[in-house]
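Peer 1: A single structure is presented below for examination.
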Amino acid sequence: MKNQIKHNIFVSYSLIKFMKLIKLYLLSILTFAFLLEVKAQDPEFTQFYAAPIYTNPAMAGTAFCGRNAAGRMSLNYRNQWPSLPGTFRTFNASYDQHVDKIGGGIGLMATYDRAGAGALTTTSFSGVYSYVLPVNKKFFLRAGLQASVVQKAIDHSKLKFGDQIDPTRGFVNPTQEPTANSSVVFPNFAAGVLAYSEKFYVGVAVHNITKPVQSFYSNSDGIVPRRITAHGGVVIPLDNKRFTQATFSPNVLFMMQQNFTQLNFGFYVNKGPIVTGLWYRQTLGTFGNSDALMVLLGFRKDRFKFGYSYDITVSSARAAAPGSHEVSATVDWCLSSRPVRFKPLRCPDF
């Protein structure tokens with residue numbers, strides 16, 4: 001009797017362990033397929049105006065100190081779905097400024113994206129130039145170009161394959177799967193245009209213009225599709241006794257990359273040092289597929305700005321991924337006491 005009980009316990013334990021291995025195996029297959037085909041869209045930020053030249057290279061050099069040119073340093077961090085194992089994390093750092101002698105702005109940017117448990121990473125370094133054209137005293141056009149060097153790397157030690165599974169000991173066997181390259185390096189290019197006045201702004205940017213190949217097997221698979229971004233908004237002063245020096249700014253952003261489309265719409269309210277915002281994100285191009293409600297709280301003091309936003313998942317994925325965190329910090333400073341002949345872009349900073 002005791003032997004039978006021990007046998008049943010052993011069988012049950014072995015079955016549970018085997019099912020866990022199968023689950024891990026299936027997850028590994030899906031992850032590996034994702035890594036090889038590389039069909040994911042580019043990383044994005046909820047606070048897209050806090051990452052100006054990442055959103056649109058034409059925004060390089062749009063920071064001003066009154067009527068004087070200013071240097072601007074921006075830092076961004078996004079933690080996507082931290083409740084899931086192997087979350088997605090994106091870091092971005094940029095510097096840009098207006099240079100009157102060349103009639104536009106210049107910028108430098110570095111981006112690092114870590115997908116999953118670090119099995120797939122993307123690192124890029126970019127240089128940006130924008131040219132500004134005054135249509136009249138109140139309306140301006142900017143055109144920007146961005147050139148980047150991108151490295152994608154894969155850590156084979158973090159990948160698991162079916163032929164490594166031993167039914168009782170787990171992933172212990174050597175794999176016979178072909179080994180891909182550990183990294184791939186390729187150039188990338190983007191361009192954008194921006195039109196603005198003191199009250200409104202609208203822009204369009206195209207990233208991955210040449211549709212570069214990022215395959216780990218040195219073939220034509222893994223093409224990075226073009227990403228098209230259109231954005232715009234207005235700044236409405238709230239000139240009454242209760243809202244002195246306050247503004248209300250509705251905004252919209254539309255993004256399309258291959259079969260993926262997304263629409264963000266919402267508003268910012270700026271009152272003294274406090275900035276608040278509320279956004280709604282729709283995906284897949286159908287108004288029946290909600291994605292997230294985004295809440296923003298920002299603070300500014302002198303030339304320093306800080307923003308925090310939380311994406312509240314409202315889709316069917318909420319049970320597994322209830323939300324995402326994002327923070328931004330920006331510092332700008334006056335470069336000279338000589339006024340430039342271009343007016344600043346008055347879009348929100350977060």
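How things are named: the first chain in the structure tokens is A, the next is B, and so on; residues count from 1 in each chain; ligands count from 1 in the order shown.
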Once DSSP has gone over the backbone, tell me which residues of region 98-317 of chain A are in strand (DSSP E), as a VMD selection string.
Peer 2: chain A and resid 98 to 99 104 to 115 120 to 134 140 to 154 165 to 166 170 to 171 183 to 196 200 to 207 227 to 234 236 to 238 246 to 257 260 to 271 274 to 283 290 to 301 304 to 313
Peer 1: Would you tabulate, counting only C-alpha atoms, all residues of region 114-232 of chain A that have an atom at most 12 Å from an atom of region 81-100 of chain A, showing the closest pair of atoms and their distance in Å to one decimal, sorted by chain then ascending number, as CSV?
Peer 2:
```
residue,atom,partner,partner_atom,distance
A:Arg114,CA,A:Arg89,CA,5.3
A:Ala115,CA,A:Phe88,CA,4.7
A:Gly116,CA,A:Gly86,CA,3.9
A:Ala117,CA,A:Gly86,CA,4.1
A:Gly118,CA,A:Gly86,CA,7.4
A:Ala119,CA,A:Gly86,CA,9.0
A:Leu120,CA,A:Phe88,CA,10.0
A:Thr121,CA,A:Arg89,CA,9.7
A:Thr122,CA,A:Thr90,CA,9.3
A:Thr123,CA,A:Phe91,CA,9.6
A:Ser124,CA,A:Asn92,CA,9.6
A:Phe125,CA,A:Ser94,CA,9.7
A:Ser126,CA,A:Ser94,CA,9.1
A:Gly127,CA,A:Ser94,CA,9.7
A:Val128,CA,A:Asp96,CA,8.3
A:Tyr129,CA,A:Asp96,CA,9.2
A:Ser130,CA,A:His98,CA,8.8
A:Tyr131,CA,A:His98,CA,9.5
A:Val132,CA,A:His98,CA,9.6
A:Leu133,CA,A:Asp100,CA,11.9
A:Arg142,CA,A:His98,CA,11.7
A:Lys158,CA,A:Gly86,CA,11.1
```
Peer 1: When distances are computed from only C-alpha atoms, which of A:Gln245, A:Thr210, A:Met294, A:Gln80 shows the smallest separation from Phe265 (chain A)?
Peer 2: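 For Phe265 (chain A), the nearest of the given residues is A:Met294.
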Peer 1: Identify which of the residues A:Lys137, A:Gly61, A:Gly105, A:Phe299 lies closest to Ile274 (chain A), counting only C-alpha atoms when measuring atom-to-atom distances.
Peer 2: A:Phe299
Peer 1: Would you work out the distance separating CA of Cys347 (chain A) from CA of Tyr310 (chain A), expressed in Å to one decimal?
Peer 2: 20.9 Å
Peer 1: Pick from A:Phe200, A:Phe45, A:Tyr217, A:Phe306: nearest to Tyr77 (chain A), with only C-alpha atoms counted?
Peer 2: A:Phe45
Peer 1: Considering only C-alpha atoms, state which residue in the set A:Leu293, A:Ala58, A:Ala63, A:Ala180 is at the smallest distance from Ser315 (chain A).
Peer 2: A:Leu293
Peer 1: Do you have the CA of Val331 (chain A)-CA of Gly107 (chain A) distance handy?
Peer 2: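 Those two atoms sit 14.5 Å apart.
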Peer 1: What does the distance between CA of Pro134 (chain A) and CA of Gly103 (chain A) come to in Å, to one decimal place?
Peer 2: 10.3 Å
Peer 1: Show which residues sit within 8 Å of Val295 (chain A), as a ChimeraX atom specification. Count only C-alpha atoms, and ignore same-chain residues fewer than 2 positions away.
Peer 2: /A:276-279,293,297,309-312
Peer 1: Could you check the closest approach to Ala230 (chain A) for each of A:Thr261, A:Thr247, A:Gln146, A:Thr111 and tell me which residue wins, using only C-alpha atoms?
Peer 2: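 Among the listed residues, A:Thr261 lies closest to Ala230 (chain A).
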Peer 1: Which residues come within 12 Å of Pro52 (chain A), counting only C-alpha atoms, excluding same-chain residues fewer than 2 positions away, as a PyMOL selection string?
Peer 2: chain A and resi 44-50+54-63+72-76+92-97+107-109+128+144+192+194+203+205+231+328+330+345+347-350
Peer 1: Looking at A:Ala195, A:Ile209, A:Val269, A:Val327, which one is nearest to Gln257 (chain A), with distances taken over only C-alpha atoms?
Peer 2: A:Ile209
Peer 1: Please run DSSP on the backbone and report, as a PyMOL selection string, all residues within region 39-107 of chain A that come out as helix (DSSP H, G or I).
Peer 2: chain A and resi 48-50+52-55+57-59+100-102
Peer 1: Go ahead and save the residues from that selection, with N, CA and C atoms, as a compact mmCIF listing (two decimals), in the first residue's frame.
Peer 2:
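Output (out_39.txt):
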```
# COMPACT_ATOMS: atom_id res chain seq x y z
N PHE A 48 5.78 61.35 -25.74
CA PHE A 48 6.56 61.48 -26.97
C PHE A 48 7.16 62.86 -27.14
N TYR A 49 6.57 63.91 -26.55
CA TYR A 49 7.17 65.24 -26.65
C TYR A 49 8.33 65.41 -25.67
N ALA A 50 8.47 64.49 -24.71
CA ALA A 50 9.64 64.50 -23.84
C ALA A 50 10.82 63.80 -24.49
N PRO A 52 11.83 64.50 -27.98
CA PRO A 52 11.45 65.23 -29.20
C PRO A 52 12.08 64.71 -30.47
N ILE A 53 13.42 64.51 -30.47
CA ILE A 53 14.04 64.11 -31.74
C ILE A 53 13.87 62.61 -32.00
N TYR A 54 13.46 61.85 -30.99
CA TYR A 54 13.07 60.45 -31.24
C TYR A 54 11.74 60.41 -31.97
N THR A 55 10.83 61.31 -31.62
CA THR A 55 9.52 61.38 -32.26
C THR A 55 9.62 61.91 -33.68
N PRO A 57 12.74 64.01 -36.15
CA PRO A 57 14.04 64.68 -36.22
C PRO A 57 13.93 66.17 -36.55
N ALA A 58 12.79 66.60 -37.08
CA ALA A 58 12.61 68.02 -37.36
C ALA A 58 12.51 68.86 -36.09
N MET A 59 12.34 68.21 -34.93
CA MET A 59 12.22 68.93 -33.67
C MET A 59 13.57 69.25 -33.04
N ASP A 100 22.44 79.15 -34.97
CA ASP A 100 21.98 80.19 -35.90
C ASP A 100 22.82 80.25 -37.17
N LYS A 101 24.12 79.91 -37.07
CA LYS A 101 25.00 80.04 -38.22
C LYS A 101 24.66 79.04 -39.32
N ILE A 102 24.07 77.91 -38.96
CA ILE A 102 23.71 76.92 -39.98
C ILE A 102 22.20 76.92 -40.25
```
